[in-house]
>>> print(open('protein_7.cif').read())   # mmCIF, C-alpha atoms
data_run
loop_
_atom_site.label_atom_id
_atom_site.label_comp_id
_atom_site.auth_asym_id
_atom_site.auth_seq_id
_atom_site.Cartn_x
_atom_site.Cartn_y
_atom_site.Cartn_z
CA MET A 1 63.98 -7.56 -75.17
CA ILE A 2 63.23 -8.14 -71.50
CA LEU A 3 65.05 -6.54 -68.58
CA ILE A 4 65.84 -8.78 -65.61
CA TYR A 5 66.44 -7.41 -62.14
CA SER A 6 68.46 -9.24 -59.52
CA ASN A 7 70.32 -7.68 -56.62
CA ILE A 8 73.36 -9.73 -57.65
CA ILE A 9 74.09 -10.82 -61.22
CA THR A 10 76.07 -14.05 -61.12
CA PRO A 11 77.46 -16.15 -64.02
CA ARG A 12 74.87 -18.82 -63.20
CA ILE A 13 72.01 -16.30 -63.43
CA LYS A 14 73.27 -14.92 -66.75
CA TYR A 15 73.69 -18.41 -68.17
CA ILE A 16 70.28 -19.89 -67.33
CA PHE A 17 68.29 -16.72 -68.06
CA LYS A 18 69.97 -16.43 -71.47
CA HIS A 19 69.30 -20.10 -72.13
CA ILE A 20 65.59 -19.86 -71.39
CA PHE A 21 64.89 -16.44 -72.84
CA LYS A 22 67.32 -16.10 -75.74
CA LEU A 23 68.09 -19.64 -76.84
CA ARG A 24 64.71 -21.23 -76.19
CA LEU A 25 62.19 -18.37 -76.46
CA GLY A 26 64.06 -16.16 -78.91
CA VAL A 27 63.92 -13.10 -76.64
CA ASP A 28 66.95 -10.86 -76.02
CA VAL A 29 67.68 -10.34 -72.35
CA ASN A 30 69.49 -7.69 -70.35
CA PHE A 31 70.30 -7.50 -66.64
CA THR A 32 70.36 -4.83 -63.97
CA SER A 33 70.92 -4.67 -60.23
CA ASP A 34 69.89 -1.01 -60.10
CA ILE A 35 66.36 -0.74 -58.69
CA ASP A 36 65.82 2.80 -59.99
CA ASN A 37 66.90 1.78 -63.46
CA PHE A 38 64.52 -1.18 -63.28
CA LYS A 39 61.58 0.95 -62.08
CA ASN A 40 62.13 3.51 -64.83
CA TYR A 41 62.25 0.89 -67.56
CA ASP A 42 58.97 1.11 -69.49
CA SER A 43 59.01 -2.12 -71.48
CA TYR A 44 58.99 -5.84 -70.68
CA LYS A 45 60.68 -6.58 -67.38
CA MET A 46 60.89 -9.29 -64.75
CA SER A 47 62.55 -9.52 -61.38
CA TYR A 48 64.37 -12.45 -59.87
CA ASN A 49 63.49 -11.43 -56.36
CA ASN A 50 61.50 -12.64 -53.38
CA ASP A 51 59.15 -9.65 -53.50
CA GLN A 52 57.58 -7.65 -56.30
CA ILE A 53 59.31 -4.32 -56.96
CA ASP A 54 57.21 -2.44 -59.48
CA ASN A 55 54.14 -4.40 -60.53
CA GLU A 56 56.28 -6.74 -62.64
CA PHE A 57 56.29 -10.48 -63.23
CA TYR A 58 58.67 -12.03 -60.71
CA ILE A 59 60.17 -15.37 -59.69
CA ASN A 60 61.28 -16.18 -56.15
CA THR A 61 65.00 -16.79 -55.84
CA SER A 62 66.90 -19.92 -54.82
CA GLU A 63 70.36 -19.97 -53.30
CA ILE A 64 71.91 -22.18 -55.98
CA LEU A 65 72.08 -19.38 -58.56
CA PHE A 66 73.78 -16.97 -56.13
CA SER A 67 76.38 -19.48 -55.01
CA SER A 68 79.66 -20.49 -56.62
CA LYS A 69 79.89 -23.68 -54.58
CA ILE A 70 79.05 -27.24 -55.60
CA GLU A 71 77.38 -28.92 -52.65
CA ASP A 72 74.66 -31.40 -51.84
CA LEU A 73 71.27 -29.73 -51.93
CA GLU A 74 68.02 -30.94 -50.50
CA ILE A 75 65.79 -31.49 -53.53
CA ASN A 76 62.12 -31.92 -52.72
CA VAL A 77 60.18 -32.83 -55.87
CA GLN A 78 56.49 -31.91 -55.87
CA ASN A 79 53.73 -31.97 -58.46
CA TRP A 80 52.49 -28.70 -59.88
CA ASP A 81 50.29 -28.18 -62.92
CA GLY A 82 50.73 -31.84 -63.85
CA HIS A 83 54.55 -31.74 -63.81
CA PRO A 84 57.21 -32.66 -61.26
CA VAL A 85 58.93 -29.49 -60.00
CA PHE A 86 61.35 -28.46 -57.27
CA PHE A 87 62.51 -25.25 -55.57
CA PHE A 88 58.80 -24.75 -54.93
CA ASN A 89 57.19 -21.51 -53.70
CA LYS A 90 53.45 -21.79 -53.24
CA ASP A 91 52.99 -18.09 -52.39
CA ASN A 92 54.19 -16.70 -55.71
CA PRO A 93 51.09 -15.51 -57.67
CA PHE A 94 52.78 -15.92 -61.08
CA PHE A 95 54.83 -19.12 -60.96
CA LYS A 96 54.92 -21.65 -58.15
CA PHE A 97 58.56 -22.71 -58.40
CA ASP A 98 61.95 -21.33 -59.39
CA ILE A 99 62.15 -22.52 -62.99
CA PHE A 100 65.58 -20.94 -63.43
CA ALA A 101 67.21 -22.67 -60.46
CA ALA A 102 65.56 -26.02 -61.21
CA SER A 103 66.52 -25.84 -64.89
CA PHE A 104 70.09 -24.87 -64.00
CA TYR A 105 70.40 -27.81 -61.61
CA LEU A 106 69.37 -30.26 -64.33
CA ILE A 107 70.97 -28.71 -67.40
CA SER A 108 74.35 -28.06 -65.79
CA ARG A 109 74.41 -31.71 -64.68
CA TYR A 110 75.01 -30.47 -61.14
CA GLU A 111 74.41 -33.92 -59.67
CA GLU A 112 77.23 -35.40 -61.75
CA TYR A 113 79.76 -33.19 -59.94
CA LEU A 114 78.69 -34.75 -56.65
CA LEU A 115 79.49 -38.20 -55.27
CA HIS A 116 77.49 -40.74 -57.31
CA LEU A 117 77.27 -44.32 -58.50
CA LYS A 118 79.30 -45.32 -61.57
CA ASP A 119 79.24 -48.29 -63.92
CA ASP A 120 82.23 -50.44 -64.88
CA PHE A 121 83.47 -47.77 -67.31
CA GLY A 122 83.22 -45.03 -64.70
CA ARG A 123 80.10 -43.54 -66.30
CA PHE A 124 77.38 -41.84 -64.27
CA ASP A 125 74.70 -44.36 -63.33
CA PRO A 126 71.24 -43.07 -64.34
CA SER A 127 69.71 -44.66 -61.26
CA SER A 128 71.53 -41.96 -59.27
CA SER A 129 69.74 -39.17 -61.11
CA ILE A 130 66.85 -37.10 -59.79
CA ALA A 131 65.04 -37.71 -63.09
CA TYR A 132 65.18 -41.50 -62.70
CA LYS A 133 64.23 -41.43 -59.03
CA ASN A 134 61.22 -39.22 -59.76
CA ARG A 135 60.17 -40.95 -62.98
CA PHE A 136 60.65 -38.18 -65.52
CA LEU A 137 63.77 -39.50 -67.25
CA ASN A 138 61.93 -40.08 -70.54
CA LYS A 139 60.27 -36.65 -70.43
CA PRO A 140 62.13 -33.42 -71.36
CA ILE A 141 60.74 -31.73 -68.28
CA ILE A 142 62.67 -28.45 -68.66
CA ASP A 143 61.00 -27.90 -72.03
CA PHE A 144 57.57 -28.50 -70.51
CA TRP A 145 58.41 -26.00 -67.77
CA ILE A 146 59.46 -23.43 -70.37
CA GLU A 147 56.20 -23.87 -72.28
CA ARG A 148 54.24 -23.26 -69.07
CA PHE A 149 56.44 -20.29 -68.22
CA LYS A 150 55.80 -18.84 -71.67
CA SER A 151 52.03 -19.14 -71.22
CA LYS A 152 52.22 -17.38 -67.84
CA LEU A 153 54.30 -14.57 -69.32
CA LEU A 154 51.72 -14.15 -72.08
CA GLU A 155 49.00 -13.78 -69.47
CA PHE A 156 50.99 -10.91 -67.95
CA TYR A 157 52.31 -9.47 -71.26
CA PRO A 158 49.72 -10.47 -73.92
CA ASP A 159 51.66 -8.86 -76.80
CA PHE A 160 54.97 -10.56 -75.96
CA ASN A 161 56.38 -12.25 -79.10
CA PHE A 162 58.27 -15.52 -78.92
CA LYS A 163 60.00 -17.39 -81.72
CA LYS A 164 58.06 -20.19 -83.32
CA GLN A 165 59.45 -23.70 -83.06
CA SER A 166 58.59 -26.95 -84.74
CA TYR A 167 59.35 -30.59 -84.06
CA LYS A 168 62.50 -31.84 -85.75
CA LEU A 169 63.84 -35.39 -85.96
CA ILE A 170 67.59 -35.67 -86.56
CA THR A 171 69.36 -38.98 -87.08
CA CYS A 172 73.01 -39.85 -86.58
CA LEU A 173 74.95 -42.93 -87.61
CA GLU A 174 77.95 -43.81 -85.47
CA VAL A 175 80.62 -45.96 -87.10
CA PRO A 176 83.01 -47.55 -84.59
CA CYS A 177 84.04 -50.00 -87.34
CA ALA A 178 83.35 -49.18 -90.99
CA PHE A 179 83.49 -52.76 -92.33
CA ASP A 180 82.98 -56.19 -90.84
CA PHE A 181 85.59 -57.98 -92.96
CA LYS A 182 87.03 -55.57 -95.49
CA GLY A 183 90.18 -53.49 -95.08
CA LYS A 184 91.35 -54.94 -91.74
CA GLY A 185 94.88 -55.80 -92.77
CA LEU A 186 96.59 -59.18 -93.06
CA VAL A 187 97.04 -59.96 -89.34
CA ARG A 188 93.47 -59.14 -88.27
CA THR A 189 92.03 -60.87 -91.35
CA ILE A 190 93.96 -64.11 -90.74
CA GLY A 191 93.04 -63.95 -87.06
CA GLY A 192 89.37 -63.58 -87.98
CA VAL A 193 89.42 -66.54 -90.38
CA VAL A 194 91.18 -68.75 -87.81
CA ARG A 195 88.70 -67.73 -85.12
CA ASP A 196 85.77 -68.64 -87.39
CA PHE A 197 87.30 -72.07 -88.06
CA LEU A 198 87.94 -72.76 -84.39
CA ARG A 199 84.39 -71.76 -83.51
CA LEU A 200 82.99 -73.70 -86.46
CA ASP A 201 81.17 -70.52 -87.42
CA ILE A 202 80.27 -71.53 -90.97
CA TYR A 203 77.92 -68.59 -91.43
CA ARG A 204 80.71 -66.06 -90.72
CA LEU A 205 83.05 -67.85 -93.08
CA TYR A 206 80.33 -67.92 -95.72
CA ARG A 207 79.98 -64.14 -95.40
CA ARG A 208 83.67 -63.38 -94.95
CA ILE A 209 85.32 -65.25 -97.85
CA PRO A 210 83.35 -63.64 -100.75
CA VAL A 211 84.06 -60.19 -99.30
CA LEU A 212 87.78 -60.94 -99.09
CA LEU A 213 87.68 -62.21 -102.69
CA ASN A 214 85.97 -58.95 -103.65
CA VAL A 215 82.93 -60.68 -105.14
CA ARG A 216 80.45 -59.51 -102.50
CA ARG A 217 79.90 -56.24 -100.66
CA ASP A 218 80.83 -56.09 -96.98
CA PRO A 219 77.74 -56.60 -94.76
CA LEU A 220 78.27 -53.21 -93.07
CA ASP A 221 78.68 -51.35 -96.37
CA ASN A 222 75.09 -50.15 -96.50
CA TYR A 223 75.81 -46.43 -96.12
CA SER A 224 74.16 -45.45 -99.40
CA ASN A 225 70.92 -47.10 -98.20
CA TRP A 226 71.14 -45.13 -94.96
CA ILE A 227 71.58 -41.85 -96.82
CA ASP A 228 68.68 -42.66 -99.17
CA LEU A 229 66.44 -43.68 -96.26
CA ASN A 230 66.93 -40.34 -94.53
CA LYS A 231 66.68 -38.33 -97.74
CA ASN A 232 63.42 -40.01 -98.74
CA ASN A 233 61.91 -39.22 -95.34
CA GLY A 234 63.11 -35.61 -95.28
CA LEU A 235 65.49 -36.21 -92.37
CA GLU A 236 68.74 -34.46 -91.56
CA THR A 237 71.51 -36.94 -90.84
CA MET A 238 75.24 -37.10 -90.18
CA VAL A 239 77.79 -39.90 -89.84
CA PHE A 240 80.36 -40.09 -87.02
CA PHE A 241 83.50 -42.06 -87.88
CA LEU A 242 85.97 -43.49 -85.37
CA ILE A 243 89.46 -42.62 -86.61
CA GLY A 244 91.45 -43.59 -83.51
CA ASN A 245 94.20 -46.18 -83.41
CA PHE A 246 93.25 -49.80 -82.74
CA SER A 247 93.01 -50.49 -79.00
CA ARG A 248 90.99 -52.46 -76.47
CA TYR A 249 87.95 -50.18 -76.78
CA ASP A 250 88.58 -48.62 -80.20
CA ARG A 251 88.51 -51.30 -82.85
CA ASN A 252 88.10 -49.52 -86.15
CA LEU A 253 90.16 -49.86 -89.32
CA SER A 254 93.53 -48.24 -89.82
CA PHE A 255 93.59 -44.68 -91.09
CA TYR A 256 95.92 -45.97 -93.79
CA SER A 257 93.33 -48.41 -95.15
CA LYS A 258 92.51 -47.16 -98.64
CA SER A 259 89.03 -48.71 -98.65
CA PHE A 260 88.26 -46.99 -95.33
CA THR A 261 89.36 -43.50 -96.36
CA GLU A 262 87.66 -43.82 -99.75
CA LYS A 263 84.42 -44.78 -98.04
CA ILE A 264 84.59 -41.72 -95.78
CA LYS A 265 85.23 -39.46 -98.78
CA ASP A 266 82.34 -41.01 -100.65
CA ILE A 267 79.90 -40.54 -97.77
CA SER A 268 81.03 -36.94 -97.16
CA ASP A 269 79.81 -36.07 -100.67
CA PHE A 270 76.23 -36.87 -99.64
CA CYS A 271 75.96 -36.02 -95.94
CA GLU A 272 77.93 -34.42 -93.14
CA VAL A 273 80.80 -36.46 -91.69
CA SER A 274 81.98 -35.83 -88.12
CA LEU A 275 84.26 -37.37 -85.52
CA LEU A 276 83.56 -40.27 -83.18
CA SER A 277 86.41 -39.50 -80.81
CA SER A 278 88.16 -42.56 -79.43
CA TYR A 279 87.98 -43.87 -75.88
CA SER A 280 91.77 -43.55 -75.78
CA SER A 281 91.62 -39.82 -76.49
CA LEU A 282 89.51 -39.08 -73.39
CA LYS A 283 92.44 -37.78 -71.37
CA ASN A 284 94.86 -37.28 -74.23
CA GLU A 285 94.35 -33.97 -75.99
CA LYS A 286 97.18 -34.61 -78.45
CA LEU A 287 95.52 -37.84 -79.53
CA LEU A 288 92.19 -36.03 -79.96
CA GLU A 289 93.94 -33.44 -82.12
CA PHE A 290 95.59 -36.22 -84.14
CA GLU A 291 92.24 -37.92 -84.82
CA THR A 292 90.55 -34.65 -85.78
CA ASN A 293 93.35 -33.70 -88.14
CA LYS A 294 93.23 -37.13 -89.77
CA LEU A 295 89.52 -36.85 -90.47
CA GLN A 296 89.93 -33.28 -91.73
CA SER A 297 92.63 -34.44 -94.13
CA ILE A 298 90.21 -36.99 -95.60
CA VAL A 299 87.13 -34.78 -96.04
CA HIS A 300 89.07 -31.53 -96.63
CA ARG A 301 87.00 -29.41 -94.28
CA SER A 302 87.02 -28.33 -90.65
CA ILE A 303 85.54 -30.78 -88.11
CA LYS A 304 83.56 -29.02 -85.39
CA LYS A 305 81.10 -31.75 -84.35
CA ASN A 306 81.94 -34.66 -82.09
CA ARG A 307 80.53 -37.74 -80.38
CA GLN A 308 82.45 -39.65 -77.72
CA ASN A 309 82.94 -43.37 -78.32
CA LEU A 310 81.29 -45.53 -75.62
CA LEU A 311 79.79 -42.30 -74.17
CA LYS A 312 82.43 -41.96 -71.48
CA ILE A 313 81.60 -38.43 -70.27
CA ASP A 314 83.21 -37.07 -67.11
CA PHE A 315 81.84 -33.73 -65.93
CA PRO A 316 83.44 -31.29 -66.43
CA LEU A 317 86.71 -32.65 -67.83
CA THR A 318 85.43 -34.23 -71.04
CA TYR A 319 83.39 -31.25 -72.18
CA ARG A 320 86.03 -28.81 -70.94
CA ASN A 321 88.53 -30.53 -73.24
CA PHE A 322 86.10 -30.50 -76.17
CA ALA A 323 85.40 -26.79 -75.67
CA ARG A 324 89.08 -25.89 -75.28
CA PHE A 325 89.97 -27.94 -78.33
CA GLY A 326 87.49 -25.97 -80.47
CA PHE A 327 84.53 -28.29 -81.01
CA ASN A 328 81.30 -26.31 -81.37
CA HIS A 329 78.79 -29.17 -81.19
CA ASP A 330 78.65 -32.37 -79.14
CA TYR A 331 76.30 -35.34 -79.60
CA SER A 332 77.37 -37.51 -76.66
CA LEU A 333 74.95 -36.55 -73.90
CA GLN A 334 72.77 -39.56 -73.17
CA TYR A 335 72.79 -42.59 -70.92
CA TYR A 336 74.55 -45.64 -72.26
CA ASP A 337 72.00 -48.14 -70.99
CA MET A 338 68.71 -46.27 -70.64
CA PRO A 339 66.60 -44.13 -73.02
CA GLY A 340 65.56 -40.65 -72.01
CA PHE A 341 67.04 -37.22 -71.39
CA ARG A 342 70.19 -37.03 -69.30
CA ALA A 343 69.87 -33.25 -68.86
CA SER A 344 66.03 -33.31 -68.84
CA THR A 345 65.84 -31.36 -72.09
CA THR A 346 65.60 -32.42 -75.72
CA ASN A 347 66.86 -29.09 -77.06
CA PRO A 348 70.51 -27.97 -77.39
CA PHE A 349 72.23 -25.94 -74.68
CA TYR A 350 75.68 -24.51 -74.07
CA PHE A 351 77.97 -26.36 -71.70
CA PHE A 352 78.42 -24.55 -68.38
CA ASP A 353 81.61 -25.46 -66.50
CA LEU A 354 80.46 -25.48 -62.88
CA GLU A 355 83.96 -25.72 -61.42
CA ASN A 356 85.11 -22.63 -63.31
CA GLU A 357 81.71 -20.84 -63.25
CA LEU A 358 82.02 -20.35 -66.99
CA GLU A 359 79.71 -20.68 -69.99
CA THR A 360 81.49 -22.15 -73.02
CA LYS A 361 80.82 -22.08 -76.76
CA LEU A 362 80.27 -25.84 -76.88
CA LEU A 363 76.64 -26.52 -77.82
CA ILE A 364 75.43 -29.85 -76.46
CA HIS A 365 72.75 -31.68 -78.45
CA PRO A 366 71.01 -34.22 -76.18
CA VAL A 367 70.42 -37.70 -77.61
CA CYS A 368 67.24 -39.45 -76.45
CA ALA A 369 68.04 -43.02 -77.55
CA THR A 370 70.21 -45.34 -79.60
CA ASP A 371 69.50 -48.75 -81.10
CA ARG A 372 71.71 -50.32 -78.45
CA VAL A 373 69.73 -48.72 -75.62
CA LEU A 374 66.40 -49.65 -77.18
CA LYS A 375 67.44 -53.30 -77.38
CA ILE A 376 66.98 -53.54 -73.62
CA TYR A 377 63.30 -54.03 -74.53
CA LYS A 378 64.28 -57.28 -76.32
CA LYS A 379 61.61 -56.96 -79.02
CA PRO A 380 61.39 -54.23 -81.70
CA ILE A 381 57.67 -53.74 -81.07
CA LEU A 382 58.31 -52.92 -77.39
CA ALA A 383 61.20 -50.63 -78.28
CA ARG A 384 58.95 -48.83 -80.78
CA GLN A 385 56.37 -48.23 -78.03
CA ALA A 386 59.03 -46.65 -75.79
CA LEU A 387 60.31 -44.56 -78.69
CA GLU A 388 56.80 -43.39 -79.55
CA GLU A 389 56.22 -42.24 -75.99
CA ILE A 390 59.37 -40.12 -76.06
CA THR A 391 58.43 -38.79 -79.50
CA ARG A 392 55.01 -37.76 -78.27
CA TYR A 393 56.60 -35.71 -75.49
CA VAL A 394 59.06 -34.06 -77.89
CA LYS A 395 56.30 -33.19 -80.33
CA GLU A 396 54.23 -31.63 -77.54
CA ILE A 397 56.95 -29.05 -76.92
CA ASN A 398 58.06 -28.78 -80.61
CA GLY A 399 61.54 -29.95 -79.71
CA GLU A 400 64.60 -31.28 -81.49
CA MET A 401 64.79 -35.07 -81.22
CA ILE A 402 68.06 -36.87 -81.94
CA LEU A 403 68.27 -40.61 -82.51
CA VAL A 404 71.65 -42.34 -82.96
CA LEU A 405 72.05 -45.73 -84.62
CA ASN A 406 75.16 -47.87 -84.80
CA ASN A 407 76.12 -48.83 -88.35
CA SER A 408 75.69 -52.52 -87.43
CA ILE A 409 71.92 -51.96 -87.42
CA ILE A 410 71.91 -51.07 -91.12
CA SER A 411 73.80 -54.24 -92.10
CA ASP A 412 72.11 -56.93 -94.15
CA TYR A 413 72.51 -59.59 -91.45
CA SER A 414 69.26 -61.45 -90.89
CA THR A 415 69.47 -60.90 -87.11
CA ASN A 416 69.02 -57.18 -87.72
CA TYR A 417 66.08 -57.44 -90.10
CA LYS A 418 63.25 -56.81 -87.61
CA TRP A 419 65.12 -53.95 -85.90
CA LYS A 420 66.02 -52.30 -89.18
CA LYS A 421 62.43 -52.62 -90.34
CA MET A 422 61.18 -51.02 -87.12
CA PHE A 423 63.48 -48.00 -87.51
CA ASN A 424 62.57 -47.63 -91.18
CA LYS A 425 58.89 -47.46 -90.25
CA PHE A 426 59.61 -45.00 -87.45
CA PHE A 427 61.50 -42.67 -89.81
CA LYS A 428 58.67 -42.86 -92.29
CA SER A 429 56.11 -42.03 -89.60
CA HIS A 430 58.00 -39.10 -88.07
CA GLY A 431 60.14 -37.65 -90.85
CA LYS A 432 59.36 -34.33 -92.53
CA ASN A 433 57.60 -36.14 -95.36
CA SER A 434 55.22 -37.88 -92.98
CA ARG A 435 51.58 -36.84 -92.94
CA ASN A 436 51.60 -37.32 -89.18
CA ASN A 437 54.32 -34.73 -88.67
#
>>> encode(input="protein_7.cif", output="structure tokens")
Amino acid sequence: MILIYSNIITPRIKYIFKHIFKLRLGVDVNFTSDIDNFKNYDSYKMSYNNDQIDNEFYINTSEILFSSKIEDLEINVQNWDGHPVFFFNKDNPFFKFDIFAASFYLISRYEEYLLHLKDDFGRFDPSSSIAYKNRFLNKPIIDFWIERFKSKLLEFYPDFNFKKQSYKLITCLEVPCAFDFKGKGLVRTIGGVVRDFLRLDIYRLYRRIPVLLNVRRDPLDNYSNWIDLNKNNGLETMVFFLIGNFSRYDRNLSFYSKSFTEKIKDISDFCEVSLLSSYSSLKNEKLLEFETNKLQSIVHRSIKKNRQNLLKIDFPLTYRNFARFGFNHDYSLQYYDMPGFRASTTNPFYFFDLENELETKLLIHPVCATDRVLKIYKKPILARQALEEITRYVKEINGEMILVLNNSIISDYSTNYKWKKMFNKFFKSHGKNSRNN
């Protein structure tokens, strides 16, 4: 355990110190604002103070962790030890910047509470972020800071023990629509056939008719191959199903489709099934509860993991609702149109509600990329290069890397062949069974 001194112990200080020490470094942490108590403590200790108190390791303070306000701050990014940093203090002999304040600013998504650019769906535009502006969006900079902080602590306390970590690749499959043709009901099926005729889309008709006659498997029904692919490469995977009612942005099958529910049951026997919450449920807690209960009734177990369809995340409302509803894990934190790390970390962290100054029990698992995002590179070989760069960074800090693919990428359509092949090779190269891992 390490004892932390600060003249004031705020919720922000408790949150970020516990994140870095307990969650990331595996070290229990306690706090005191009593100087005498701190001086008399004869084990590992550190002060969050502008001056050294008792020959201890210390970090200079920044106002952000002592405030309860959300206001524009002047962020001056500098280079130190090969990394971009801010809240700099060149006179500190141990650490040249306030790692706790800087990490809190990024991990709490402080900038998303401020006035910012939004896309057509009202999502935070990554070009507004400090990470994008200072070119470290694809680098989990907080984790690099923590590794440097750990090495400095070891110089001061050589026998300090930290938990060992290892690189881990986790894959997720999101399923906004389980089948391309199958199980869509009479009206949608007739509409699809008519649309193919009007567009003279012979290829779609050629694929559609045999599926409707039940003589060929639906092109999207490749879930068993996905499960085998991950199993063979020693990868942990889960599948997120959209259960919401059909709407403009949620276009899955009906919950009452027998083929749909049977497919979910079948998949849940081989890997974890979780909820892809609908766009419509964003501001409708009753609808979110309805979708969760529907999925639970199919798989006969509690659903505690969630991913938001179309990644419409509003800070803090979306995560506040998830936490209040009882979800323990979220896999939505990423940018919709750009690879990288939205919170500048690749490792999970608990959601901190800035407006309420409250740490929640919702653990957020950052996603670094999806197949949709990687397609901005146009060619699989270029996307693989971008993915390899991110992977190299994550491996350097022994982090948890999460990659999400849409189920359309595992289909047997010829247009997906090169992309599917690229991801298969990537899994083989970086899975647990890889020699390179």
>>> residues_around(input="protein_7.cif", residues="Ser277 (chain A)", least_positions_apart="4", cutoff="12 Å", atoms="all atoms listed in the file", output="number ranges by chain")
A: 174-176, 240-245, 249-250, 252, 281-285, 287-295, 303-313, 318, 321-322, 327, 330-332
>>> resolve_selection(input="protein_7.cif", expression="the PyMOL selection byres ((chain A and resi 116) around 12)", output="list in words")
Asp72, Tyr110, Glu111, Glu112, Tyr113, Leu114, Leu115, Leu117, Lys118, Asp119, Gly122, Arg123, Phe124, Asp125, Pro126, Ser127, Ser128, Ser129, Ile130, Asp314 and Phe315 of chain A
>>> resolve_selection(input="protein_7.cif", expression="the PyMOL selection byres ((chain A and resi 348-356) around 9)", output="PyMOL selection string")
chain A and resi 12+15+19+23-24+68-70+107-110+113+315-317+319-320+323+345-347+357-366+400
>>> axis_aligned_box(input="protein_7.cif", around="region 108-116 of chain A", padding_each_side="8 Å", output="AutoDock Vina command-line options")
--center_x 77.1 --center_y -34.4 --center_z -60.5 --size_x 21.4 --size_y 28.7 --size_z 26.5
>>> atom_distance(input="protein_7.cif", atom1="CA of Asp120 (chain A)", atom2="CA of Ala178 (chain A)")
26.2 Å
>>> closest_residue(input="protein_7.cif", among="A:Lys263, A:Lys432, A:Arg324, A:Arg217", to="Ser411 (chain A)", atoms="only C-alpha atoms")
A:Arg217
>>> residues_around(input="protein_7.cif", residues="Pro93 (chain A)", least_positions_apart="6", cutoff="10 Å", atoms="all atoms listed in the file", output="PDB file with C-alpha atoms, in the coordinates of the input")
ATOM      1  CA  PHE A  57      56.290 -10.480 -63.230  1.00  0.00           C
ATOM      2  CA  TYR A  58      58.670 -12.030 -60.710  1.00  0.00           C
ATOM      3  CA  ILE A  59      60.170 -15.370 -59.690  1.00  0.00           C
TER       4      ILE A  59
END
>>> atom_distance(input="protein_7.cif", atom1="CA of Lys45 (chain A)", atom2="CA of Glu396 (chain A)")
27.8 Å
>>> atom_distance(input="protein_7.cif", atom1="CA of Pro210 (chain A)", atom2="CA of Asp269 (chain A)")
27.8 Å
>>> residues_around(input="protein_7.cif", residues="Met46 (chain A)", least_positions_apart="2", cutoff="12 Å", atoms="all atoms listed in the file", output="number ranges by chain")
A: 1-6, 17, 21, 29-33, 35, 38-39, 41-44, 48-60, 94, 153, 156-157
>>> closest_residue(input="protein_7.cif", among="A:Lys22, A:His430, A:Arg204, A:Lys420", to="Asn233 (chain A)", atoms="all atoms listed in the file")
A:His430
>>> residues_near_point(input="protein_7.cif", point="(93.3, -56.3, -94.3)", cutoff="10 Å", atoms="only C-alpha atoms", output="list in words")
Phe181, Lys182, Gly183, Lys184, Gly185, Leu186, Val187, Arg188, Thr189, Ile190, Leu212, Leu253, Ser254, Ser257 and Ser259 of chain A
>>> write_last_selection(input="protein_7.cif", atoms="C-alpha atoms", output="tab-separated table (two decimals), in the coordinates of the input")
chain	number	residue	atom	x	y	z
A	181	PHE	CA	85.59	-57.98	-92.96
A	182	LYS	CA	87.03	-55.57	-95.49
A	183	GLY	CA	90.18	-53.49	-95.08
A	184	LYS	CA	91.35	-54.94	-91.74
A	185	GLY	CA	94.88	-55.80	-92.77
A	186	LEU	CA	96.59	-59.18	-93.06
A	187	VAL	CA	97.04	-59.96	-89.34
A	188	ARG	CA	93.47	-59.14	-88.27
A	189	THR	CA	92.03	-60.87	-91.35
A	190	ILE	CA	93.96	-64.11	-90.74
A	212	LEU	CA	87.78	-60.94	-99.09
A	253	LEU	CA	90.16	-49.86	-89.32
A	254	SER	CA	93.53	-48.24	-89.82
A	257	SER	CA	93.33	-48.41	-95.15
A	259	SER	CA	89.03	-48.71	-98.65
>>> resolve_selection(input="protein_7.cif", expression="the PyMOL selection byres ((chain A and resi 229) around 12)", output="number ranges by chain")
A: 171, 222-228, 230-237, 410, 420-421, 423-428, 431, 433
>>> write_last_selection(input="protein_7.cif", atoms="C-alpha atoms", output="compact mmCIF listing (two decimals), in the frame of the given file")
# COMPACT_ATOMS: atom_id res chain seq x y z
CA THR A 171 69.36 -38.98 -87.08
CA ASN A 222 75.09 -50.15 -96.50
CA TYR A 223 75.81 -46.43 -96.12
CA SER A 224 74.16 -45.45 -99.40
CA ASN A 225 70.92 -47.10 -98.20
CA TRP A 226 71.14 -45.13 -94.96
CA ILE A 227 71.58 -41.85 -96.82
CA ASP A 228 68.68 -42.66 -99.17
CA ASN A 230 66.93 -40.34 -94.53
CA LYS A 231 66.68 -38.33 -97.74
CA ASN A 232 63.42 -40.01 -98.74
CA ASN A 233 61.91 -39.22 -95.34
CA GLY A 234 63.11 -35.61 -95.28
CA LEU A 235 65.49 -36.21 -92.37
CA GLU A 236 68.74 -34.46 -91.56
CA THR A 237 71.51 -36.94 -90.84
CA ILE A 410 71.91 -51.07 -91.12
CA LYS A 420 66.02 -52.30 -89.18
CA LYS A 421 62.43 -52.62 -90.34
CA PHE A 423 63.48 -48.00 -87.51
CA ASN A 424 62.57 -47.63 -91.18
CA LYS A 425 58.89 -47.46 -90.25
CA PHE A 426 59.61 -45.00 -87.45
CA PHE A 427 61.50 -42.67 -89.81
CA LYS A 428 58.67 -42.86 -92.29
CA GLY A 431 60.14 -37.65 -90.85
CA ASN A 433 57.60 -36.14 -95.36
>>> closest_residue(input="protein_7.cif", among="A:Asp337, A:Asp180, A:Glu74, A:Glu388", to="Lys375 (chain A)", atoms="all atoms listed in the file")
A:Asp337
>>> closest_residue(input="protein_7.cif", among="A:Asp98, A:Asn92, A:Ser434, A:Ser302", to="Glu63 (chain A)", atoms="only C-alpha atoms")
A:Asp98
